[in-house]
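Structure file run_14.cif (mmCIF, C-alpha atoms) is printed below.
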```
data_run
#
loop_
_atom_site.label_atom_id
_atom_site.label_comp_id
_atom_site.auth_asym_id
_atom_site.auth_seq_id
_atom_site.Cartn_x
_atom_site.Cartn_y
_atom_site.Cartn_z
CA MET I 2 58.19 122.51 113.38
CA LYS I 3 56.04 123.43 110.38
CA LYS I 4 58.44 125.01 107.95
CA MET I 5 62.19 124.73 107.43
CA VAL I 6 64.30 126.67 104.93
CA PHE I 7 67.68 125.46 103.69
CA ILE I 8 70.41 127.23 101.76
CA VAL I 9 72.24 124.84 99.42
CA LYS I 10 75.42 126.56 98.29
CA ASP I 11 77.79 123.74 97.30
CA TYR I 12 77.79 121.27 94.45
CA ASN I 13 78.86 117.95 95.88
CA TYR I 14 77.43 114.54 96.68
CA GLU I 15 77.48 115.12 100.45
CA LYS I 16 75.26 118.21 100.31
CA PHE I 17 72.97 116.61 97.74
CA MET I 18 72.46 113.56 100.00
CA MET I 19 71.81 115.78 103.03
CA ALA I 20 69.20 117.74 101.05
CA THR I 21 67.65 114.50 99.76
CA ILE I 22 67.42 112.72 103.11
CA LEU I 23 66.44 115.75 105.23
CA GLY I 24 64.03 117.04 102.55
CA THR I 25 62.17 113.80 101.98
CA THR I 26 62.15 112.79 105.67
CA GLY I 27 60.83 116.21 106.70
CA ALA I 28 58.21 116.15 103.95
CA ALA I 29 57.05 112.73 105.17
CA MET I 30 56.73 114.26 108.65
CA GLU I 31 54.47 116.94 107.13
CA ILE I 32 57.05 119.69 107.54
CA GLU I 33 57.34 122.19 104.66
CA MET I 34 60.91 121.82 103.40
CA HIS I 35 62.18 124.73 101.28
CA PHE I 36 65.56 124.60 99.53
CA PHE I 37 67.14 127.78 98.16
CA CYS I 38 69.86 126.66 95.73
CA THR I 39 72.44 129.38 95.23
CA PHE I 40 76.00 129.73 93.95
CA TRP I 41 77.46 126.24 93.22
CA GLY I 42 74.37 124.69 94.83
CA LEU I 43 72.31 125.80 91.83
CA PHE I 44 74.14 123.21 89.72
CA ILE I 45 72.39 120.44 91.67
CA LEU I 46 69.15 121.56 90.00
CA LYS I 47 70.56 121.28 86.47
CA LYS I 48 69.27 118.46 84.30
CA LYS I 49 71.74 115.56 84.40
CA SER I 50 73.59 116.95 87.44
CA LYS I 51 75.94 114.37 88.94
CA PRO I 52 77.62 115.79 92.03
CA LYS I 53 80.74 113.96 93.23
CA VAL I 54 81.99 113.36 96.76
CA ARG I 55 84.23 116.30 97.60
CA ASN I 56 85.22 116.52 101.23
CA ILE I 57 86.91 113.19 101.96
CA PRO I 58 88.74 114.05 105.16
CA TRP I 59 91.71 111.72 104.79
CA ARG I 60 94.13 110.36 102.23
CA GLY I 61 95.74 107.02 101.58
CA ILE I 62 92.55 105.03 102.03
CA PRO I 63 91.24 102.48 99.52
CA MET I 64 89.06 105.20 97.96
CA PRO I 65 91.75 107.08 96.01
CA THR I 66 89.53 109.45 94.05
CA ASN I 67 86.38 111.48 94.54
CA TRP I 68 84.94 109.63 91.59
CA MET I 69 85.47 106.22 93.19
CA ALA I 70 84.17 107.40 96.57
CA THR I 71 81.03 108.65 94.83
CA ARG I 72 80.48 105.20 93.28
CA VAL I 73 80.94 103.52 96.64
CA PHE I 74 78.42 105.83 98.27
CA ARG I 75 75.88 105.44 95.46
CA LYS I 76 76.00 101.67 95.85
CA ARG I 77 75.60 101.86 99.62
CA MET I 78 72.72 104.32 99.28
CA LYS I 79 71.03 101.83 96.93
CA LYS I 80 71.40 99.10 99.56
CA TYR I 81 70.02 101.58 102.08
CA GLY I 82 66.90 101.97 99.93
CA ILE I 83 67.73 105.18 98.08
CA GLU I 84 68.16 103.89 94.54
CA ASP I 85 67.25 107.09 92.75
CA PRO I 86 67.41 110.29 94.85
CA TRP I 87 65.56 112.33 92.22
CA ALA I 88 62.63 109.89 92.23
CA ILE I 89 61.99 110.34 95.95
CA ILE I 90 62.60 114.10 95.70
CA LYS I 91 60.05 114.26 92.87
CA ASP I 92 57.48 112.48 95.06
CA ALA I 93 58.05 114.93 97.90
CA VAL I 94 57.82 117.90 95.51
CA GLU I 95 54.62 116.60 93.92
CA ASP I 96 53.12 116.05 97.37
CA GLY I 97 53.66 119.80 97.82
CA LYS I 98 55.86 119.49 100.92
CA MET I 99 59.33 119.98 99.34
CA LYS I 100 60.21 123.00 97.25
CA LEU I 101 63.37 123.71 95.24
CA TYR I 102 64.13 127.36 94.40
CA PRO I 103 66.82 128.34 91.89
CA CYS I 104 68.61 131.61 92.73
CA THR I 105 68.08 134.29 90.06
CA THR I 106 71.34 136.10 90.83
CA THR I 107 73.34 132.91 90.32
CA MET I 108 71.45 132.16 87.09
CA GLU I 109 72.34 135.58 85.70
CA LEU I 110 75.97 135.40 86.89
CA MET I 111 76.53 131.92 85.48
CA GLY I 112 74.37 132.23 82.37
CA ILE I 113 71.97 129.45 83.36
CA LYS I 114 68.44 129.42 81.90
CA VAL I 115 65.23 128.00 83.40
CA GLY I 116 65.28 125.44 80.57
CA ASP I 117 68.61 124.10 81.89
CA LEU I 118 67.00 123.19 85.21
CA ARG I 119 64.87 120.22 86.24
CA ASP I 120 61.11 120.56 85.72
CA ILE I 121 60.25 120.15 89.39
CA CYS I 122 61.85 123.48 90.41
CA GLU I 123 59.82 126.47 91.60
CA ASP I 124 60.16 129.85 89.88
CA PRO I 125 63.59 131.36 90.55
CA ILE I 126 63.90 133.83 93.42
CA GLY I 127 66.58 136.29 94.55
CA ALA I 128 67.89 137.28 97.98
CA ALA I 129 64.74 139.29 98.77
CA GLY I 130 62.52 136.35 97.78
CA PHE I 131 64.61 134.05 99.94
CA LEU I 132 64.31 136.38 102.94
CA GLU I 133 60.53 136.51 102.43
CA ILE I 134 60.35 132.71 102.52
CA CYS I 135 62.31 132.78 105.79
CA GLU I 136 59.73 135.13 107.29
CA ASP I 137 57.53 132.46 108.89
CA ALA I 138 60.07 129.62 108.94
CA ASP I 139 60.79 127.76 112.17
CA ALA I 140 64.42 127.22 111.17
CA VAL I 141 66.75 128.51 108.46
CA ILE I 142 69.80 126.31 107.86
CA SER I 143 72.71 126.74 105.48
CA LEU I 144 73.76 123.20 104.60
CA MET C 9 61.74 138.59 110.41
CA LYS C 10 63.35 141.37 112.42
CA LYS C 11 66.82 140.11 113.20
CA MET C 12 69.10 137.57 111.57
CA VAL C 13 72.50 136.43 112.81
CA PHE C 14 75.13 134.89 110.53
CA ILE C 15 78.35 133.05 111.32
CA VAL C 16 81.00 133.71 108.67
CA LYS C 17 83.75 131.11 109.14
CA ASP C 18 85.47 130.87 105.74
CA TYR C 19 87.66 133.24 103.80
CA ASN C 20 86.59 132.98 100.18
CA TYR C 21 84.83 135.01 97.53
CA GLU C 22 81.69 132.89 97.63
CA LYS C 23 81.03 133.48 101.33
CA PHE C 24 81.93 137.16 101.03
CA MET C 25 79.40 137.61 98.19
CA MET C 26 76.70 135.76 100.14
CA ALA C 27 77.34 138.01 103.16
CA THR C 28 77.33 141.11 100.94
CA ILE C 29 74.13 140.30 99.03
CA LEU C 30 72.15 138.85 101.96
CA GLY C 31 73.39 141.53 104.34
CA THR C 32 72.60 144.54 102.17
CA THR C 33 69.31 143.10 100.85
CA GLY C 34 68.13 142.29 104.36
CA ALA C 35 69.20 145.71 105.65
CA ALA C 36 67.21 147.33 102.82
CA MET C 37 64.19 145.27 103.96
CA GLU C 38 64.68 146.74 107.45
CA ILE C 39 65.91 143.46 108.93
CA GLU C 40 68.79 143.71 111.42
CA MET C 41 71.63 141.72 109.84
CA HIS C 42 74.39 140.65 112.26
CA PHE C 43 77.57 138.93 111.03
CA PHE C 44 79.87 137.15 113.48
CA CYS C 45 83.20 136.69 111.68
CA THR C 46 85.21 133.87 113.21
CA PHE C 47 88.12 131.60 112.29
CA TRP C 48 89.08 132.20 108.62
CA GLY C 49 86.01 134.39 108.21
CA LEU C 50 87.68 137.05 110.35
CA PHE C 51 90.12 137.67 107.50
CA ILE C 52 87.28 139.15 105.43
CA LEU C 53 87.24 142.05 107.89
CA LYS C 54 90.93 142.81 107.46
CA LYS C 55 91.87 145.97 105.62
CA LYS C 56 92.71 145.14 101.99
CA SER C 57 91.16 141.67 102.24
CA LYS C 58 90.74 140.10 98.79
CA PRO C 59 89.06 136.69 99.10
CA LYS C 60 89.38 134.38 96.10
CA VAL C 61 86.91 131.89 94.68
CA ARG C 62 87.62 128.58 96.40
CA ASN C 63 84.99 125.93 95.82
CA ILE C 64 84.86 125.54 92.03
CA PRO C 65 83.11 122.18 91.79
CA TRP C 66 84.68 120.95 88.54
CA ARG C 67 87.90 120.87 86.61
CA GLY C 68 88.88 121.28 83.00
CA ILE C 69 86.66 124.28 82.36
CA PRO C 70 87.87 127.55 80.84
CA MET C 71 88.48 128.92 84.34
CA PRO C 72 91.68 127.07 85.24
CA THR C 73 92.52 128.86 88.46
CA ASN C 74 90.78 130.29 91.49
CA TRP C 75 92.41 133.58 90.66
CA MET C 76 90.92 133.70 87.17
CA ALA C 77 87.51 132.59 88.40
CA THR C 78 87.59 135.42 90.93
CA ARG C 79 88.30 137.94 88.15
CA VAL C 80 85.44 136.56 86.06
CA PHE C 81 83.03 136.82 89.00
CA ARG C 82 84.15 140.33 89.93
CA LYS C 83 83.48 141.52 86.36
CA ARG C 84 80.06 139.88 86.28
CA MET C 85 79.19 141.34 89.68
CA LYS C 86 80.09 144.77 88.31
CA LYS C 87 77.73 144.24 85.40
CA TYR C 88 75.14 143.10 87.92
CA GLY C 89 75.46 146.43 89.73
CA ILE C 90 77.82 145.47 92.55
CA GLU C 91 80.93 147.39 91.60
CA ASP C 92 82.36 147.75 95.08
CA PRO C 93 80.97 145.35 97.72
CA TRP C 94 82.53 147.30 100.60
CA ALA C 95 80.82 150.52 99.48
CA ILE C 96 77.34 148.99 99.75
CA ILE C 97 78.26 147.19 102.97
CA LYS C 98 79.45 150.51 104.41
CA ASP C 99 76.10 152.12 103.52
CA ALA C 100 74.19 149.32 105.25
CA VAL C 101 76.45 149.52 108.31
CA GLU C 102 76.11 153.32 108.53
CA ASP C 103 72.32 152.97 108.24
CA GLY C 104 72.60 150.87 111.40
CA LYS C 105 71.00 147.75 109.93
CA MET C 106 74.12 145.66 109.21
CA LYS C 107 76.70 144.85 111.87
CA LEU C 108 80.07 143.12 111.53
CA TYR C 109 81.56 141.52 114.66
CA PRO C 110 85.17 140.31 114.81
CA CYS C 111 85.69 137.22 117.00
CA THR C 112 88.01 137.92 119.96
CA THR C 113 89.17 134.31 120.28
CA THR C 114 90.26 134.25 116.63
CA MET C 115 92.01 137.61 117.03
CA GLU C 116 94.02 136.27 119.97
CA LEU C 117 94.77 132.93 118.28
CA MET C 118 95.89 134.56 115.03
CA GLY C 119 97.53 137.66 116.49
CA ILE C 120 95.18 140.11 114.76
CA LYS C 121 94.70 143.60 116.25
CA VAL C 122 91.66 145.89 116.03
CA GLY C 123 93.84 148.24 113.96
CA ASP C 124 94.22 145.52 111.30
CA LEU C 125 90.47 145.48 110.73
CA ARG C 126 88.18 147.76 108.73
CA ASP C 127 86.81 150.81 110.54
CA ILE C 128 83.19 149.81 110.10
CA CYS C 129 83.44 146.78 112.44
CA GLU C 130 81.74 146.63 115.83
CA ASP C 131 83.76 145.91 118.97
CA PRO C 132 85.05 142.31 118.96
CA ILE C 133 82.99 139.69 120.79
CA GLY C 134 83.61 136.09 121.88
CA ALA C 135 81.43 132.98 121.89
CA ALA C 136 79.39 134.26 124.87
CA GLY C 137 78.82 137.61 123.15
CA PHE C 138 77.76 135.81 119.98
CA LEU C 139 75.27 133.64 121.91
CA GLU C 140 73.84 136.78 123.54
CA ILE C 141 73.27 138.36 120.12
CA CYS C 142 71.44 135.18 119.07
CA GLU C 143 69.11 135.54 122.07
CA ASP C 144 66.35 137.48 120.28
CA ALA C 145 67.27 136.57 116.70
CA ASP C 146 64.64 135.13 114.36
CA ALA C 147 67.26 133.02 112.58
CA VAL C 148 70.90 132.06 113.16
CA ILE C 149 72.69 130.85 110.03
CA SER C 150 76.23 129.60 109.56
CA LEU C 151 77.14 130.61 106.01
CA MET D 12 67.78 131.08 124.12
CA LYS D 13 67.15 127.75 125.83
CA LYS D 14 68.07 125.15 123.24
CA MET D 15 70.34 125.18 120.19
CA VAL D 16 70.85 122.38 117.71
CA PHE D 17 73.95 122.06 115.54
CA ILE D 18 74.67 119.89 112.52
CA VAL D 19 78.35 118.87 112.39
CA LYS D 20 79.02 117.52 108.89
CA ASP D 21 82.77 117.96 108.36
CA TYR D 22 85.78 116.30 109.92
CA ASN D 23 88.34 119.02 110.48
CA TYR D 24 89.97 120.92 113.30
CA GLU D 25 88.10 124.14 112.57
CA LYS D 26 84.65 122.58 112.97
CA PHE D 27 85.75 120.61 116.02
CA MET D 28 86.99 123.81 117.71
CA MET D 29 83.76 125.66 116.86
CA ALA D 30 81.74 122.80 118.33
CA THR D 31 83.97 122.71 121.42
CA ILE D 32 83.93 126.44 122.13
CA LEU D 33 80.27 127.10 121.25
CA GLY D 34 79.12 123.90 122.97
CA THR D 35 80.93 124.42 126.25
CA THR D 36 80.28 128.19 126.36
CA GLY D 37 76.57 127.68 125.68
CA ALA D 38 76.36 124.89 128.26
CA ALA D 39 77.98 127.20 130.83
CA MET D 40 75.28 129.78 129.98
CA GLU D 41 72.67 127.11 130.76
CA ILE D 42 71.66 126.69 127.11
CA GLU D 43 70.97 123.11 125.97
CA MET D 44 73.52 122.47 123.20
CA HIS D 45 72.71 119.54 120.91
CA PHE D 46 75.17 118.35 118.24
CA PHE D 47 74.02 116.04 115.46
CA CYS D 48 77.17 114.54 113.93
CA THR D 49 76.53 113.31 110.40
CA PHE D 50 78.53 112.37 107.32
CA TRP D 51 82.22 113.21 107.87
CA GLY D 52 81.29 114.96 111.12
CA LEU D 53 80.56 111.57 112.68
CA PHE D 54 84.30 110.83 112.61
CA ILE D 55 84.83 113.51 115.29
CA LEU D 56 83.00 111.20 117.70
CA LYS D 57 85.29 108.23 117.02
CA LYS D 58 87.68 107.19 119.74
CA LYS D 59 91.13 108.66 119.05
CA SER D 60 89.78 111.09 116.44
CA LYS D 61 92.37 113.73 115.54
CA PRO D 62 90.90 116.20 113.04
CA LYS D 63 93.40 118.33 111.12
CA VAL D 64 93.12 121.94 109.96
CA ARG D 65 91.63 121.81 106.46
CA ASN D 66 90.53 125.17 105.12
CA ILE D 67 93.70 127.28 105.24
CA PRO D 68 92.67 130.07 102.87
CA TRP D 69 96.09 130.90 101.46
CA ARG D 70 99.34 129.39 100.35
CA GLY D 71 102.97 130.28 100.67
CA ILE D 72 102.76 131.17 104.35
CA PRO D 73 105.06 129.73 107.00
CA MET D 74 102.49 126.98 107.73
CA PRO D 75 103.10 124.72 104.70
CA THR D 76 100.92 121.80 105.68
CA ASN D 77 97.62 121.12 107.34
CA TRP D 78 99.48 118.98 109.81
CA MET D 79 101.77 121.83 110.89
CA ALA D 80 98.89 124.30 111.05
CA THR D 81 97.06 121.90 113.33
CA ARG D 82 100.06 121.73 115.68
CA VAL D 83 100.29 125.53 115.75
CA PHE D 84 96.61 125.85 116.59
CA ARG D 85 96.74 123.17 119.26
CA LYS D 86 99.59 124.97 120.99
CA ARG D 87 97.79 128.30 120.84
CA MET D 88 94.58 126.73 122.14
CA LYS D 89 96.58 125.37 125.07
CA LYS D 90 97.88 128.87 125.83
CA TYR D 91 94.29 130.08 125.53
CA GLY D 92 93.27 127.64 128.25
CA ILE D 93 91.90 124.78 126.15
CA GLU D 94 94.46 122.10 126.82
CA ASP D 95 92.22 119.11 126.19
CA PRO D 96 89.00 119.82 124.25
CA TRP D 97 87.51 116.42 125.12
CA ALA D 98 87.97 117.06 128.84
CA ILE D 99 85.85 120.23 128.78
CA ILE D 100 83.32 118.61 126.41
CA LYS D 101 83.04 115.67 128.83
CA ASP D 102 82.31 118.09 131.70
CA ALA D 103 79.56 119.81 129.68
CA VAL D 104 78.08 116.45 128.65
CA GLU D 105 78.13 115.15 132.23
CA ASP D 106 76.46 118.35 133.41
CA GLY D 107 73.65 117.39 131.03
CA LYS D 108 73.79 120.56 128.96
CA MET D 109 75.74 119.33 125.92
CA LYS D 110 74.64 116.32 123.89
CA LEU D 111 76.43 114.54 121.03
CA TYR D 112 74.30 112.45 118.67
CA PRO D 113 75.85 110.05 116.14
CA CYS D 114 73.88 109.74 112.88
CA THR D 115 72.55 106.20 112.29
CA THR D 116 72.47 106.55 108.50
CA THR D 117 76.13 107.54 108.42
CA MET D 118 77.03 104.68 110.77
CA GLU D 119 75.35 102.17 108.46
CA LEU D 120 76.81 103.71 105.30
CA MET D 121 80.34 103.83 106.69
CA GLY D 122 80.22 100.63 108.76
CA ILE D 123 80.82 102.36 112.10
CA LYS D 124 79.67 100.65 115.30
CA VAL D 125 78.58 102.23 118.62
CA GLY D 126 81.71 100.66 120.14
CA ASP D 127 83.89 102.73 117.79
CA LEU D 128 82.52 105.94 119.27
CA ARG D 129 83.35 107.82 122.45
CA ASP D 130 81.45 106.81 125.59
CA ILE D 131 79.93 110.23 126.13
CA CYS D 132 77.71 110.05 122.99
CA GLU D 133 73.93 109.75 123.14
CA ASP D 134 72.16 106.90 121.35
CA PRO D 135 72.42 107.29 117.57
CA ILE D 136 69.53 109.01 115.76
CA GLY D 137 68.52 109.38 112.12
CA ALA D 138 67.07 112.26 110.11
CA ALA D 139 63.65 111.87 111.74
CA GLY D 140 65.20 111.89 115.22
CA PHE D 141 67.20 114.97 114.32
CA LEU D 142 64.07 116.78 113.08
CA GLU D 143 62.30 115.87 116.33
CA ILE D 144 65.12 117.40 118.36
CA CYS D 145 64.79 120.57 116.27
CA GLU D 146 61.09 120.76 117.16
CA ASP D 147 61.45 123.04 120.20
CA ALA D 148 64.91 124.44 119.43
CA ASP D 149 65.45 128.20 119.38
CA ALA D 150 68.07 127.88 116.63
CA VAL D 151 69.29 125.15 114.29
CA ILE D 152 72.72 125.77 112.83
CA SER D 153 74.76 123.74 110.38
CA LEU D 154 78.37 124.41 111.33
#
```

When written as structure tokens, how does the structure in this file appear?
Amino acid sequence: MKKMVFIVKDYNYEKFMMATILGTTGAAMEIEMHFFCTFWGLFILKKKSKPKVRNIPWRGIPMPTNWMATRVFRKRMKKYGIEDPWAIIKDAVEDGKMKLYPCTTTMELMGIKVGDLRDICEDPIGAAGFLEICEDADAVISL
Amino acid sequence: MKKMVFIVKDYNYEKFMMATILGTTGAAMEIEMHFFCTFWGLFILKKKSKPKVRNIPWRGIPMPTNWMATRVFRKRMKKYGIEDPWAIIKDAVEDGKMKLYPCTTTMELMGIKVGDLRDICEDPIGAAGFLEICEDADAVISL
Amino acid sequence: MKKMVFIVKDYNYEKFMMATILGTTGAAMEIEMHFFCTFWGLFILKKKSKPKVRNIPWRGIPMPTNWMATRVFRKRMKKYGIEDPWAIIKDAVEDGKMKLYPCTTTMELMGIKVGDLRDICEDPIGAAGFLEICEDADAVISL
């Protein structure tokens, strides 16, 4: 396993955590980890993005709202050693092993500019650019 | 990259657009693009299917309903050059580079007949048929 | 196709059925089928788990609730020959061709113990363990 490509298409805490943990773990294992952020997933790359837990599979538990569930998870993640996801992502990006690609089509459709996105992103790419990145990937996964 | 296989399992505008853009872009790049439409994703293949935006990740924005958001996206897609998704899909299918497979199990479970589906579909296949298509694929992605 | 790896990240009937049908069909075709159950997907592995249908793509149909839709699907699955999903999964697991991995990170975050999970699970693994399993896989798919 030398190169993995991920599609991130949703804006929620669950997907962001999966991208954070898989991306930084893979990078530490010297695997190239590429993330193509498209549709709602592009919003994760916006400055000040704060995705909330979305897919709680039950009701009537002591976590009544997505907002509260998100707080609970953030606290537990802190205990688990992930205080600031963007700090560890930044390290992996600066080490050159994790790459975050904004989707040009989504940017045009949603009116999002490069300046709205975090500094650590690569240049935006479209569907053709994404398919080119997949070319020599060992796995392509849509989170 | 010569052959990609996709699982389409949801019925919403987002997944339909991803299938449309990836499918037709890949086909234009001479990649075989296979789409296995199962569970709710089968409904995309029905005649007169009109999937709506489903996963809006926020509330209180000027797009109060899924229905309105779908209209907004359709208009922007038009501007972007995709006036009729099914027209460009049909071109890619007729060129032989894009293939749409209905899932037999879903058809039986949901009481859907071949006659209910668009003409450009391949013959329905089940899980075993899907796994056979994956055999020589360079990537298998569940959208 | 000798080995496929799946990420199961949601707790709902749809994903459970996909895992059941793909897993047991693949195992019968002598493909190693590995399932990494993370985030809400871990709950599928709990004893007495009963995932409900979640992603009904429309409203105003004669299946008003997720609970009713689940009953309808269970009945139809029975007719289709899948009376007890866990029975056929157990067969595939005992044949050594299907493997279910609980995610350690999720277990710690959610306070779930090995004793809470079904007996047929493998030892829990984390992100690094998952990436190692992917190493020689022919396909990695996030359901």

Test item: chain I residues at most 12 Å from chain C, counting only C-alpha atoms, as a ChimeraX atom specification: /I:5-14,39-45,50-56,67-68,104-112,127-144

Any chance you could dump chain I, least-squares fitted to chain C on all C-alpha atoms in order, as a CSV table (one decimal) with C-alpha atoms, in the frame of the given file?
```csv
chain,number,residue,atom,x,y,z
I,2,MET,CA,61.7,138.6,110.4
I,3,LYS,CA,63.4,141.4,112.4
I,4,LYS,CA,66.8,140.1,113.2
I,5,MET,CA,69.1,137.6,111.6
I,6,VAL,CA,72.5,136.4,112.8
I,7,PHE,CA,75.1,134.9,110.5
I,8,ILE,CA,78.3,133.0,111.3
I,9,VAL,CA,81.0,133.7,108.7
I,10,LYS,CA,83.7,131.1,109.1
I,11,ASP,CA,85.5,130.9,105.7
I,12,TYR,CA,87.7,133.2,103.8
I,13,ASN,CA,86.6,133.0,100.2
I,14,TYR,CA,84.8,135.0,97.5
I,15,GLU,CA,81.7,132.9,97.6
I,16,LYS,CA,81.0,133.5,101.3
I,17,PHE,CA,81.9,137.2,101.0
I,18,MET,CA,79.4,137.6,98.2
I,19,MET,CA,76.7,135.7,100.1
I,20,ALA,CA,77.3,138.0,103.2
I,21,THR,CA,77.3,141.1,100.9
I,22,ILE,CA,74.1,140.3,99.0
I,23,LEU,CA,72.1,138.8,102.0
I,24,GLY,CA,73.4,141.5,104.4
I,25,THR,CA,72.6,144.5,102.2
I,26,THR,CA,69.3,143.1,100.8
I,27,GLY,CA,68.1,142.3,104.4
I,28,ALA,CA,69.2,145.7,105.6
I,29,ALA,CA,67.2,147.3,102.8
I,30,MET,CA,64.2,145.3,104.0
I,31,GLU,CA,64.7,146.7,107.5
I,32,ILE,CA,65.9,143.5,108.9
I,33,GLU,CA,68.8,143.7,111.4
I,34,MET,CA,71.6,141.7,109.8
I,35,HIS,CA,74.4,140.6,112.3
I,36,PHE,CA,77.6,138.9,111.0
I,37,PHE,CA,79.9,137.2,113.5
I,38,CYS,CA,83.2,136.7,111.7
I,39,THR,CA,85.2,133.9,113.2
I,40,PHE,CA,88.1,131.6,112.3
I,41,TRP,CA,89.1,132.2,108.6
I,42,GLY,CA,86.0,134.4,108.2
I,43,LEU,CA,87.7,137.0,110.3
I,44,PHE,CA,90.1,137.7,107.5
I,45,ILE,CA,87.3,139.1,105.4
I,46,LEU,CA,87.2,142.0,107.9
I,47,LYS,CA,90.9,142.8,107.5
I,48,LYS,CA,91.9,146.0,105.6
I,49,LYS,CA,92.7,145.1,102.0
I,50,SER,CA,91.1,141.7,102.2
I,51,LYS,CA,90.7,140.1,98.8
I,52,PRO,CA,89.1,136.7,99.1
I,53,LYS,CA,89.4,134.4,96.1
I,54,VAL,CA,86.9,131.9,94.7
I,55,ARG,CA,87.6,128.6,96.4
I,56,ASN,CA,85.0,125.9,95.8
I,57,ILE,CA,84.9,125.5,92.1
I,58,PRO,CA,83.1,122.2,91.8
I,59,TRP,CA,84.6,121.0,88.5
I,60,ARG,CA,87.9,120.9,86.6
I,61,GLY,CA,88.9,121.3,83.0
I,62,ILE,CA,86.7,124.3,82.4
I,63,PRO,CA,88.0,127.5,80.8
I,64,MET,CA,88.5,129.0,84.3
I,65,PRO,CA,91.7,127.1,85.2
I,66,THR,CA,92.6,128.9,88.5
I,67,ASN,CA,90.8,130.3,91.5
I,68,TRP,CA,92.4,133.6,90.7
I,69,MET,CA,90.9,133.7,87.2
I,70,ALA,CA,87.5,132.6,88.4
I,71,THR,CA,87.6,135.4,90.9
I,72,ARG,CA,88.3,137.9,88.2
I,73,VAL,CA,85.4,136.6,86.1
I,74,PHE,CA,83.0,136.8,89.0
I,75,ARG,CA,84.1,140.3,89.9
I,76,LYS,CA,83.5,141.5,86.4
I,77,ARG,CA,80.0,139.9,86.3
I,78,MET,CA,79.2,141.3,89.7
I,79,LYS,CA,80.1,144.8,88.3
I,80,LYS,CA,77.7,144.2,85.4
I,81,TYR,CA,75.1,143.1,87.9
I,82,GLY,CA,75.5,146.4,89.7
I,83,ILE,CA,77.8,145.5,92.5
I,84,GLU,CA,80.9,147.4,91.6
I,85,ASP,CA,82.4,147.8,95.1
I,86,PRO,CA,81.0,145.4,97.7
I,87,TRP,CA,82.5,147.3,100.6
I,88,ALA,CA,80.8,150.5,99.5
I,89,ILE,CA,77.3,149.0,99.7
I,90,ILE,CA,78.3,147.2,103.0
I,91,LYS,CA,79.5,150.5,104.4
I,92,ASP,CA,76.1,152.1,103.5
I,93,ALA,CA,74.2,149.3,105.2
I,94,VAL,CA,76.5,149.5,108.3
I,95,GLU,CA,76.1,153.3,108.5
I,96,ASP,CA,72.3,153.0,108.2
I,97,GLY,CA,72.6,150.9,111.4
I,98,LYS,CA,71.0,147.8,109.9
I,99,MET,CA,74.1,145.7,109.2
I,100,LYS,CA,76.7,144.8,111.9
I,101,LEU,CA,80.1,143.1,111.5
I,102,TYR,CA,81.6,141.5,114.7
I,103,PRO,CA,85.2,140.3,114.8
I,104,CYS,CA,85.7,137.2,117.0
I,105,THR,CA,88.0,137.9,119.9
I,106,THR,CA,89.2,134.3,120.3
I,107,THR,CA,90.3,134.2,116.6
I,108,MET,CA,92.0,137.6,117.0
I,109,GLU,CA,94.0,136.3,120.0
I,110,LEU,CA,94.8,132.9,118.3
I,111,MET,CA,95.9,134.5,115.0
I,112,GLY,CA,97.5,137.7,116.5
I,113,ILE,CA,95.2,140.1,114.7
I,114,LYS,CA,94.7,143.6,116.2
I,115,VAL,CA,91.7,145.9,116.0
I,116,GLY,CA,93.8,148.2,114.0
I,117,ASP,CA,94.2,145.5,111.3
I,118,LEU,CA,90.5,145.5,110.7
I,119,ARG,CA,88.2,147.8,108.7
I,120,ASP,CA,86.8,150.8,110.5
I,121,ILE,CA,83.2,149.8,110.1
I,122,CYS,CA,83.5,146.8,112.4
I,123,GLU,CA,81.7,146.6,115.8
I,124,ASP,CA,83.8,145.9,119.0
I,125,PRO,CA,85.0,142.3,118.9
I,126,ILE,CA,83.0,139.7,120.8
I,127,GLY,CA,83.6,136.1,121.9
I,128,ALA,CA,81.4,133.0,121.9
I,129,ALA,CA,79.4,134.3,124.9
I,130,GLY,CA,78.8,137.6,123.1
I,131,PHE,CA,77.8,135.8,120.0
I,132,LEU,CA,75.3,133.7,121.9
I,133,GLU,CA,73.8,136.8,123.6
I,134,ILE,CA,73.3,138.4,120.1
I,135,CYS,CA,71.4,135.2,119.1
I,136,GLU,CA,69.1,135.5,122.1
I,137,ASP,CA,66.4,137.5,120.3
I,138,ALA,CA,67.3,136.6,116.7
I,139,ASP,CA,64.6,135.1,114.4
I,140,ALA,CA,67.3,133.0,112.6
I,141,VAL,CA,70.9,132.1,113.2
I,142,ILE,CA,72.7,130.8,110.0
I,143,SER,CA,76.2,129.6,109.6
I,144,LEU,CA,77.1,130.6,106.0
```

For a test of reading the model, state the distance in Å between CA of Ala30 in chain D and CA of Met79 in chain D, rounded to one decimal. 21.4 Å

Suppose you want the space between CA of Leu56 in chain D and CA of Leu111 in chain D; what is it in Å? 8.1 Å

Applied to this file, what does the PyMOL selection byres ((chain I and resi 100) around 7) return in terms of residues, put as a count of residues only? 9

What residues have an atom no more than 8 Å from (89.3, 149.0, 108.0) in the file's own frame, counting all atoms listed in the file, and can you write them as a list in words?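 Residues satisfying the cut-off, written out: Leu53, Lys54, Lys55, Lys56, Gly123, Asp124, Leu125, Arg126, Asp127, Ile128 and Cys129 of chain C.
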
Hey, can you check how far CA of Cys45 in chain C sits from CA of Asp102 in chain D?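 Those two atoms sit 27.3 Å apart.
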
Just need the box for range 112-123 of chain C, edges along x, y and z, holding every atom the file lists for it with 5 Å tacked onto each side, so centre and edge lengths in Å to one decimal, as lines of an AutoDock Vina configuration file.
```
center_x = 92.8
center_y = 140.6
center_z = 117.1
size_x = 19.5
size_y = 25.3
size_z = 16.3
```
